[in-house]
Structures are given as C-alpha cells and as structure tokens.
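For reference, the structure is listed below as structure tokens.
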Amino acid sequence: MQKVIKKLIKRLGEPYSSQLGIDLESKKESEIFKWFLASLLFGKRIGESIVVKTYKSFSSQKITTPDKILSTGWDGLVRVLDEGGYVRYDFSTATKLLELMEGLKSKYGTLTNLHEQAESSKDLEEKLQEFKGIGPTTANIFLRELRTVWNKANPEPSSLAKIAAKNLGVDLSRFNRQTKSFIRLECALLKLGKDFCRKGRCDSCDFKVDCKK
C-alpha cells in the first residue's frame, strides 16, 4: 500500500495552489486570499484549464486583493473573466465577487480574522458558507489545502477523493489530515477520482493494476 501511495503522490500530488504559483506555506494573508479567489473559480462546473487561465488573468493584472477586485468593478471583472474563457459564468461570477468582497470586508476584514473567529472546523465551514455563492464544494476546495496553515481547516475529504481511495484500498481514517503529506495524497486522489474513476476511464488509468474495484 505504501508503494501505491508514494506513486500517487509522485504523479498526481502537486496541490492546485502550488500549480498556480500560490505560496500557502508562507501563511501570508495575501497568498491565502489568492487561493480563496482561485477556489471561487474552481467552485463552478467549468473546465480546469479555463479556471487556471482565468486565475492567471487575475494574477497578471494584479487583481488579487479585495480592494483591487472592488475597484476593478463589474465591467472590468467581466472582461478579465472573459479573457480567461470563463464566459459561461462571467456575469454571475463578477456579481458574486463584488458581493463577497463587500461582505468579507464589512464582517471580518480579512480571511485570517474569519478563521480566528471560528470556534471549530465545522464553524469555519459554516462561516464561509454564510456568504452567498459559497456552498459546501467551494468551501471544501478552499479549506483542504489550508490544513497546515489554519488549525481549524480540517474538512472531510471530497466524495471524489473517497471514491478513488476506496478503489485503491486506501484507508483515509488512518492518516493525520493536517499534514503536508495528506494534502498531497488528497489532491492526488481527487484528481484520480475526477479524471478517471468518475468517468470510468479504467483502461487508460495508470493505477488500474492497483485498483480493487
């Protein structure tokens, strides 16, 4: 089993935040907010490559703080979203981003303050979901890569990660979730579940010889 886990992490375990050049290990509010923005984009049913391109459009134009998003305005945000190919949800996402920034600033000031005011992992998830447009999926995306940054960030692994874990016989309950190695394992399982298990692409899966299904 250890060989399977090592292979998983080596091939698929790079966190999405790292792929986007976001340094969560620094624990800086600016980097945490960048991942928050990326998580909001990932939260929609839209292609991963489009999300990556759209986030990079925000990043290249330095629209990666609440104040900058607010000053960019609705028309400007729509333009940035369209540049990234986020056309299907451009209007609604621009509106949501502006509402979220206003709500975050008025209620908590920063994401770090939001975390500090949360009483538990569950309360942290609930506080995030108080914002219109953030549901369980988006909250999970945001929090799962913050496990070693925020001590209250400890969401349940996603259903796709659990499916892949079950297929490979990986018992997730045996792991300490708030470690870098678990973050990488969870990311790897998520990618495997999303790109192969869910789609029934068993024949082209690099892990078919390890699968218990």
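The way I read the labels, and the way they are meant: chains A, B, ... in the order of the structure tokens, residue 1 as the first residue of every chain, and ligand 1 as the first ligand shown, with later ones counted on from there.
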Pull the closest atom pair for each residue of segment 91-127 of chain A that gets at most 12 Å from segment 52-65 of chain A, along with the distance in Å to one decimal, counting only C-alpha atoms, ordering rows by chain and then ascending residue number, as a Markdown table.
| residue | atom | partner | partner_atom | distance |
| --- | --- | --- | --- | --- |
| A:Thr93 | CA | A:Thr54 | CA | 11.8 |
| A:Leu97 | CA | A:Thr65 | CA | 11.1 |
| A:Leu98 | CA | A:Thr65 | CA | 11.5 |
| A:Leu100 | CA | A:Thr65 | CA | 11.8 |
| A:Met101 | CA | A:Thr65 | CA | 8.9 |
| A:Glu102 | CA | A:Thr65 | CA | 11.8 |
| A:Leu104 | CA | A:Thr65 | CA | 11.4 |
| A:Lys105 | CA | A:Thr65 | CA | 10.9 |
| A:Gly109 | CA | A:Thr65 | CA | 11.8 |
| A:Thr110 | CA | A:Thr65 | CA | 10.2 |
| A:Leu111 | CA | A:Thr65 | CA | 11.1 |
- Task: With a distance cut-off of 10 Å and only C-alpha atoms, select the neighbouring residues of Gly133 of chain A, excluding the residue or stretch itself and same-chain residues fewer than 2 positions from it, and output the selection as a PyMOL selection string.
- Result: chain A and resi 40+43-44+92-93+95-97+99-100+128-131+135+138
Residues from the last selection, C-alpha atoms, saved as a PDB file, in the first residue's frame:
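Output contents, as saved in part_33.pdb:
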ATOM      1  CA  LEU A  40     -14.195  30.553  -6.028  1.00  0.00           C
ATOM      2  CA  GLY A  43     -16.194  26.023  -7.458  1.00  0.00           C
ATOM      3  CA  LYS A  44     -18.173  26.291 -10.691  1.00  0.00           C
ATOM      4  CA  SER A  92     -22.877  35.943 -12.257  1.00  0.00           C
ATOM      5  CA  THR A  93     -19.278  35.487 -11.064  1.00  0.00           C
ATOM      6  CA  THR A  95     -21.566  39.990  -9.294  1.00  0.00           C
ATOM      7  CA  LYS A  96     -20.683  37.301  -6.744  1.00  0.00           C
ATOM      8  CA  LEU A  97     -17.093  38.506  -6.407  1.00  0.00           C
ATOM      9  CA  GLU A  99     -20.762  40.938  -3.108  1.00  0.00           C
ATOM     10  CA  LEU A 100     -18.267  38.617  -1.448  1.00  0.00           C
ATOM     11  CA  LEU A 128     -17.597  30.599   4.829  1.00  0.00           C
ATOM     12  CA  GLN A 129     -20.943  29.306   3.603  1.00  0.00           C
ATOM     13  CA  GLU A 130     -22.754  32.296   5.079  1.00  0.00           C
ATOM     14  CA  PHE A 131     -21.525  34.201   2.028  1.00  0.00           C
ATOM     15  CA  GLY A 135     -21.513  26.224  -0.897  1.00  0.00           C
ATOM     16  CA  THR A 138     -16.261  25.692  -2.760  1.00  0.00           C
TER      17      THR A 138
END
- Selection: 12 Å around segment 114-124 of chain A, only C-alpha atoms, excl. self and same-chain fewer than 2 positions, as JSON, numbers by chain: {"A": [29, 32, 33, 103, 104, 105, 106, 107, 108, 109, 110, 111, 112, 126, 127, 128, 129, 130, 131, 136, 139, 140, 142, 143, 144, 146, 147, 149, 150, 151, 152, 153, 154, 155, 156, 178]}
- Have a look at atom CA of Leu77 of chain A and atom CA of Glu145 of chain A and let me know their distance in Å, one decimal. 25.7 Å
- Message: Using only C-alpha atoms, which protein or nucleic acid residues come within 12 Å of Lys199 of chain A? Drop anything in the same chain fewer than 5 positions from it, and give the result as a PyMOL selection string.
- Response: chain A and resi 160+163-164+191-194+204-205
- Message: Between atom CA of Trp35 of chain A and atom CA of Ile22 of chain A, what is the distance in Å, rounded to a tenth?
- Response: 6.8 Å
- Task: Mind listing the helix (DSSP H, G or I) residues of segment 62-209 of chain A, per DSSP on the backbone, as number ranges by chain?
- Result: A: 66-83, 87-107, 111-117, 121-129, 136-144, 159-168, 172-174, 180-197, 208-209
- Task: Compile the contact shell of Arg88 of chain A as number ranges by chain: residues with an atom at most 12 Å away, counting only C-alpha atoms, same-chain residues fewer than 2 positions apart removed.
- Result: A: 41, 44-47, 50-51, 78, 81-82, 84-86, 90-94
- Task: Could you please determine the separation between atom CA of Tyr16 of chain A and atom CA of Phe175 of chain A in Å, to one decimal place?
- Result: 20.6 Å
Close residues, Leu8 of chain A itself excluded, 12 Å, only C-alpha atoms, min 3 positions apart in chain, as a compact mmCIF listing (two decimals) with N, CA and C atoms, in the first residue's frame:
# COMPACT_ATOMS: atom_id res chain seq x y z
N MET A 1 0.82 -1.22 0.00
CA MET A 1 0.00 0.00 0.00
C MET A 1 0.85 1.27 0.00
N GLN A 2 1.98 1.22 0.73
CA GLN A 2 2.85 2.39 0.77
C GLN A 2 3.40 2.72 -0.62
N LYS A 3 3.65 1.69 -1.41
CA LYS A 3 4.15 1.93 -2.76
C LYS A 3 3.10 2.64 -3.62
N VAL A 4 1.85 2.23 -3.45
CA VAL A 4 0.75 2.86 -4.20
C VAL A 4 0.62 4.32 -3.80
N ILE A 5 0.67 4.58 -2.50
CA ILE A 5 0.54 5.96 -2.00
C ILE A 5 1.69 6.83 -2.50
N ARG A 11 3.00 11.23 -8.79
CA ARG A 11 2.44 11.52 -10.12
C ARG A 11 1.36 12.59 -10.10
N LEU A 12 0.55 12.61 -9.04
CA LEU A 12 -0.63 13.49 -9.05
C LEU A 12 -0.74 14.40 -7.84
N GLY A 13 0.25 14.38 -6.98
CA GLY A 13 0.08 15.02 -5.67
C GLY A 13 0.39 16.50 -5.54
N GLU A 14 0.73 17.17 -6.64
CA GLU A 14 1.01 18.60 -6.50
C GLU A 14 -0.29 19.35 -6.23
N ALA A 161 -12.39 12.07 -3.90
CA ALA A 161 -11.19 11.54 -3.27
C ALA A 161 -11.51 10.24 -2.54
N ALA A 164 -11.87 7.32 -5.08
CA ALA A 164 -10.57 6.84 -5.54
C ALA A 164 -9.85 6.07 -4.44
N ALA A 165 -9.96 6.56 -3.21
CA ALA A 165 -9.33 5.88 -2.08
C ALA A 165 -9.92 4.48 -1.89
N LEU A 168 -8.69 2.04 -4.48
CA LEU A 168 -7.30 1.63 -4.30
C LEU A 168 -7.06 0.94 -2.95
N VAL A 170 -7.22 2.45 -0.01
CA VAL A 170 -6.54 3.38 0.90
C VAL A 170 -7.51 3.79 2.00
N SER A 181 1.75 15.86 3.79
CA SER A 181 1.65 14.61 3.04
C SER A 181 0.19 14.24 2.77
N PHE A 182 -0.71 14.55 3.73
CA PHE A 182 -2.12 14.24 3.49
C PHE A 182 -2.71 15.17 2.45
N ARG A 184 -1.21 16.38 -0.08
CA ARG A 184 -0.76 15.88 -1.39
C ARG A 184 -1.49 14.58 -1.77
N LEU A 185 -1.69 13.71 -0.78
CA LEU A 185 -2.42 12.48 -1.04
C LEU A 185 -3.86 12.78 -1.44
N GLU A 186 -4.49 13.69 -0.72
CA GLU A 186 -5.88 14.05 -1.02
C GLU A 186 -6.00 14.66 -2.41
N CYS A 187 -5.06 15.52 -2.78
CA CYS A 187 -5.07 16.12 -4.12
C CYS A 187 -4.92 15.05 -5.19
N ALA A 188 -4.03 14.10 -4.94
CA ALA A 188 -3.81 13.03 -5.91
C ALA A 188 -5.05 12.17 -6.07
N LEU A 189 -5.69 11.81 -4.96
CA LEU A 189 -6.91 11.01 -5.01
C LEU A 189 -8.04 11.77 -5.70
N LEU A 190 -8.13 13.05 -5.42
CA LEU A 190 -9.16 13.87 -6.05
C LEU A 190 -8.99 13.89 -7.57
N LYS A 191 -7.77 14.10 -8.02
CA LYS A 191 -7.51 14.14 -9.46
C LYS A 191 -7.81 12.77 -10.10
N LEU A 192 -7.42 11.71 -9.41
CA LEU A 192 -7.69 10.37 -9.92
C LEU A 192 -9.20 10.11 -9.99
N GLY A 193 -9.90 10.50 -8.92
CA GLY A 193 -11.35 10.30 -8.89
C GLY A 193 -12.07 11.12 -9.94
N CYS A 205 -6.08 4.31 -17.08
CA CYS A 205 -5.62 4.75 -15.76
C CYS A 205 -4.30 4.10 -15.39
N ASP A 206 -3.35 4.88 -14.94
CA ASP A 206 -2.04 4.36 -14.54
C ASP A 206 -2.10 3.50 -13.28
N PHE A 207 -3.25 3.55 -12.61
CA PHE A 207 -3.37 2.83 -11.34
C PHE A 207 -4.33 1.63 -11.44
N ASP A 210 -3.50 -1.44 -9.54
CA ASP A 210 -3.60 -1.32 -8.08
C ASP A 210 -5.05 -1.27 -7.60
